[in-house]
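Structure record follows, encoded as structure tokens.
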Amino acid sequence: MFLQVRVQGLFLDPITERPILVLRHEEGNRFLPIWIGAPEANAIALRLEGVEVPRPMTHDLMQGMLEKLSAQVSKVLICDLQENTYFAQIVLSANGQEAIVDSRPSDAVALAVRTGAPIFVREEIFDRATKAEEPTNAEEQVQRWLEGLTPEDLGRYEM
């Protein structure tokens with residue numbers, strides 16, 4: 001079963017200084033942190049903050065191509081977690097047909113925030129993400145930091 005989520009925030013990991021995308025389950029208090037690349041974090045943050053860029057960025061280009069082909073992003077699915085790597089799918093619809101495209105979660109979310117497509121996470125991933133391999137000391141520190149965040153902290157988009 002898939003649960004609908006929304007982008008709760010973007011943060012910099014205080015230990016590694018890598019961006020963290022935080023997704024929140026719409027009807028619960030479950031969070032899913034996903035460490036992502038800086039370019040994808042920037043693409044998500046620009047859209048969330050309503051910043052218009054003079055020339056299309058990669059995800060804007062993808063959105064424009066889909067529009068020209070009369071295709072829509074129906075939804076984004078965070079569908080698997082293997083060896084601490086998340087997998088996603090972008091579900092497209094065009095001319096009454098559906099196509100599923102393999103994607104990194106960060107690219108899928110960057111496209112979803114541009115198109116308004118809903119984002120879903122397979123329910124078991126929430127549980128598996130918290131039971132991932134034995135964390136390193138740095139991962140433990142980040143986990144404690146994430147657990148200590150308040151809803152007010154998570155309402156801000158900072159990079």
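Following the order of the structure tokens, first chain is A, next is B, and so on, with residues numbered from 1 inside each chain and ligands from 1 in the order they appear.
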
Can you pull out the residues contacting region 97-108 of chain A? Cut-off 9 Å, using only C-alpha atoms, and skip same-chain residues under 3 positions away; I want them as an NGL selection string. :A and (21 or 34-37 or 40-41 or 43-44 or 59 or 74 or 76-78 or 86-94 or 111-113 or 119)

Given the selection you just returned, output its residues as a file containing C-alpha atoms, formatted as a PDB file, in the first residue's frame.
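Wrote out_10.pdb, looks like this:
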ATOM      1  CA  LEU A  21      14.702  15.925   1.550  1.00  0.00           C
ATOM      2  CA  ILE A  34      16.220  11.084   1.978  1.00  0.00           C
ATOM      3  CA  TRP A  35      19.745  12.363   1.430  1.00  0.00           C
ATOM      4  CA  ILE A  36      19.916  13.865  -2.080  1.00  0.00           C
ATOM      5  CA  GLY A  37      22.339  15.705  -4.341  1.00  0.00           C
ATOM      6  CA  GLU A  40      18.292  18.243  -7.147  1.00  0.00           C
ATOM      7  CA  ALA A  41      17.866  19.953  -3.769  1.00  0.00           C
ATOM      8  CA  ALA A  43      15.789  22.410  -8.155  1.00  0.00           C
ATOM      9  CA  ILE A  44      13.227  21.430  -5.508  1.00  0.00           C
ATOM     10  CA  HIS A  59      13.383  19.560 -14.478  1.00  0.00           C
ATOM     11  CA  SER A  74      -0.001  11.280 -12.820  1.00  0.00           C
ATOM     12  CA  VAL A  76       5.365   9.828  -8.232  1.00  0.00           C
ATOM     13  CA  LEU A  77       6.022   6.630  -6.293  1.00  0.00           C
ATOM     14  CA  ILE A  78       8.889   6.055  -3.875  1.00  0.00           C
ATOM     15  CA  TYR A  86      15.758   4.630  -2.550  1.00  0.00           C
ATOM     16  CA  PHE A  87      14.071   3.898  -5.870  1.00  0.00           C
ATOM     17  CA  ALA A  88      11.231   5.846  -7.438  1.00  0.00           C
ATOM     18  CA  GLN A  89       8.928   5.732 -10.426  1.00  0.00           C
ATOM     19  CA  ILE A  90       7.290   8.544 -12.337  1.00  0.00           C
ATOM     20  CA  VAL A  91       3.871   7.514 -13.632  1.00  0.00           C
ATOM     21  CA  LEU A  92       3.006   9.328 -16.868  1.00  0.00           C
ATOM     22  CA  SER A  93      -0.288   9.377 -18.712  1.00  0.00           C
ATOM     23  CA  ALA A  94      -0.863  10.374 -22.329  1.00  0.00           C
ATOM     24  CA  LEU A 111       9.303  16.999 -11.334  1.00  0.00           C
ATOM     25  CA  ALA A 112       6.303  16.449  -9.043  1.00  0.00           C
ATOM     26  CA  VAL A 113       6.645  19.863  -7.400  1.00  0.00           C
ATOM     27  CA  ILE A 119       3.849  11.866  -4.233  1.00  0.00           C
TER      28      ILE A 119
END

For Phe120 (chain A), please output as an mmCIF file with C-alpha atoms, in the first residue's frame all residues within 6 Å (counting only C-alpha atoms; exclusion window: fewer than 6 positions along the same chain).
data_model
loop_
_atom_site.group_PDB
_atom_site.id
_atom_site.type_symbol
_atom_site.label_atom_id
_atom_site.label_comp_id
_atom_site.auth_asym_id
_atom_site.auth_seq_id
_atom_site.Cartn_x
_atom_site.Cartn_y
_atom_site.Cartn_z
ATOM 1 C CA PHE A 2 1.203 3.504 -0.833
ATOM 2 C CA LEU A 3 0.783 6.501 1.479
ATOM 3 C CA GLN A 4 0.542 10.028 0.159
ATOM 4 C CA VAL A 5 3.291 12.363 1.328
ATOM 5 C CA LEU A 77 6.022 6.630 -6.293
#

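Each of A:His25, A:Arg114, A:Arg30, A:Arg122 was checked against Gly64 (chain A) using only C-alpha atoms; the smallest atom-to-atom distance is that of A:Arg114.
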
Residue set, chain A restricted to helix (DSSP H, G or I), as a VMD selection string: chain A and resid 38 to 48 58 to 68 105 to 115 123 to 130 137 to 147 151 to 154

Using C-alpha atoms, can you export the residues from the last selection as a PDB file, in the first residue's frame?
ATOM      1  CA  ALA A  38      22.810  19.457  -4.220  1.00  0.00           C
ATOM      2  CA  PRO A  39      21.546  20.133  -7.797  1.00  0.00           C
ATOM      3  CA  GLU A  40      18.292  18.243  -7.147  1.00  0.00           C
ATOM      4  CA  ALA A  41      17.866  19.953  -3.769  1.00  0.00           C
ATOM      5  CA  ASN A  42      18.359  23.301  -5.483  1.00  0.00           C
ATOM      6  CA  ALA A  43      15.789  22.410  -8.155  1.00  0.00           C
ATOM      7  CA  ILE A  44      13.227  21.430  -5.508  1.00  0.00           C
ATOM      8  CA  ALA A  45      13.945  24.470  -3.320  1.00  0.00           C
ATOM      9  CA  LEU A  46      13.666  26.941  -6.210  1.00  0.00           C
ATOM     10  CA  ARG A  47      10.207  25.633  -7.107  1.00  0.00           C
ATOM     11  CA  LEU A  48       8.997  25.476  -3.505  1.00  0.00           C
ATOM     12  CA  THR A  58      16.656  20.296 -16.300  1.00  0.00           C
ATOM     13  CA  HIS A  59      13.383  19.560 -14.478  1.00  0.00           C
ATOM     14  CA  ASP A  60      11.710  22.574 -16.111  1.00  0.00           C
ATOM     15  CA  LEU A  61      12.852  21.204 -19.471  1.00  0.00           C
ATOM     16  CA  MET A  62      11.345  17.811 -18.624  1.00  0.00           C
ATOM     17  CA  GLN A  63       8.063  19.461 -17.650  1.00  0.00           C
ATOM     18  CA  GLY A  64       8.027  21.468 -20.884  1.00  0.00           C
ATOM     19  CA  MET A  65       8.690  18.384 -22.989  1.00  0.00           C
ATOM     20  CA  LEU A  66       5.862  16.497 -21.307  1.00  0.00           C
ATOM     21  CA  GLU A  67       3.486  19.420 -21.911  1.00  0.00           C
ATOM     22  CA  LYS A  68       4.424  19.574 -25.600  1.00  0.00           C
ATOM     23  CA  PRO A 105      13.476  10.016  -5.811  1.00  0.00           C
ATOM     24  CA  SER A 106      15.067  13.462  -5.945  1.00  0.00           C
ATOM     25  CA  ASP A 107      14.416  13.847  -9.686  1.00  0.00           C
ATOM     26  CA  ALA A 108      10.901  12.458  -9.338  1.00  0.00           C
ATOM     27  CA  VAL A 109      10.087  14.884  -6.523  1.00  0.00           C
ATOM     28  CA  ALA A 110      11.629  17.814  -8.433  1.00  0.00           C
ATOM     29  CA  LEU A 111       9.303  16.999 -11.334  1.00  0.00           C
ATOM     30  CA  ALA A 112       6.303  16.449  -9.043  1.00  0.00           C
ATOM     31  CA  VAL A 113       6.645  19.863  -7.400  1.00  0.00           C
ATOM     32  CA  ARG A 114       6.645  21.448 -10.860  1.00  0.00           C
ATOM     33  CA  THR A 115       3.628  19.577 -12.150  1.00  0.00           C
ATOM     34  CA  GLU A 123       4.182   2.043   3.470  1.00  0.00           C
ATOM     35  CA  GLU A 124       6.815  -0.557   4.326  1.00  0.00           C
ATOM     36  CA  ILE A 125       9.584   1.874   3.329  1.00  0.00           C
ATOM     37  CA  PHE A 126       8.812   4.028   6.368  1.00  0.00           C
ATOM     38  CA  ASP A 127       9.479   1.001   8.579  1.00  0.00           C
ATOM     39  CA  ARG A 128      12.470  -0.268   6.606  1.00  0.00           C
ATOM     40  CA  ALA A 129      14.067   3.171   6.540  1.00  0.00           C
ATOM     41  CA  THR A 130      14.160   3.273  10.332  1.00  0.00           C
ATOM     42  CA  ASN A 137      28.161   7.506  14.675  1.00  0.00           C
ATOM     43  CA  ALA A 138      27.515  10.346  12.195  1.00  0.00           C
ATOM     44  CA  GLU A 139      24.256   8.724  11.085  1.00  0.00           C
ATOM     45  CA  GLU A 140      23.193   8.351  14.726  1.00  0.00           C
ATOM     46  CA  GLN A 141      23.871  12.051  15.310  1.00  0.00           C
ATOM     47  CA  VAL A 142      21.821  13.032  12.257  1.00  0.00           C
ATOM     48  CA  GLN A 143      19.001  10.694  13.316  1.00  0.00           C
ATOM     49  CA  ARG A 144      18.902  12.294  16.773  1.00  0.00           C
ATOM     50  CA  TRP A 145      18.946  15.741  15.154  1.00  0.00           C
ATOM     51  CA  LEU A 146      16.041  14.803  12.845  1.00  0.00           C
ATOM     52  CA  GLU A 147      14.052  13.338  15.737  1.00  0.00           C
ATOM     53  CA  PRO A 151       6.929  20.913  13.339  1.00  0.00           C
ATOM     54  CA  GLU A 152       7.907  24.592  13.142  1.00  0.00           C
ATOM     55  CA  ASP A 153      11.426  23.609  12.096  1.00  0.00           C
ATOM     56  CA  LEU A 154      10.058  21.335   9.411  1.00  0.00           C
TER      57      LEU A 154
END

I'd like the contact shell of Asn95 (chain A) - 12 Å cut-off, only C-alpha atoms, skipping same-chain residues fewer than 6 positions apart - returned as a ChimeraX atom specification. /A:69-72
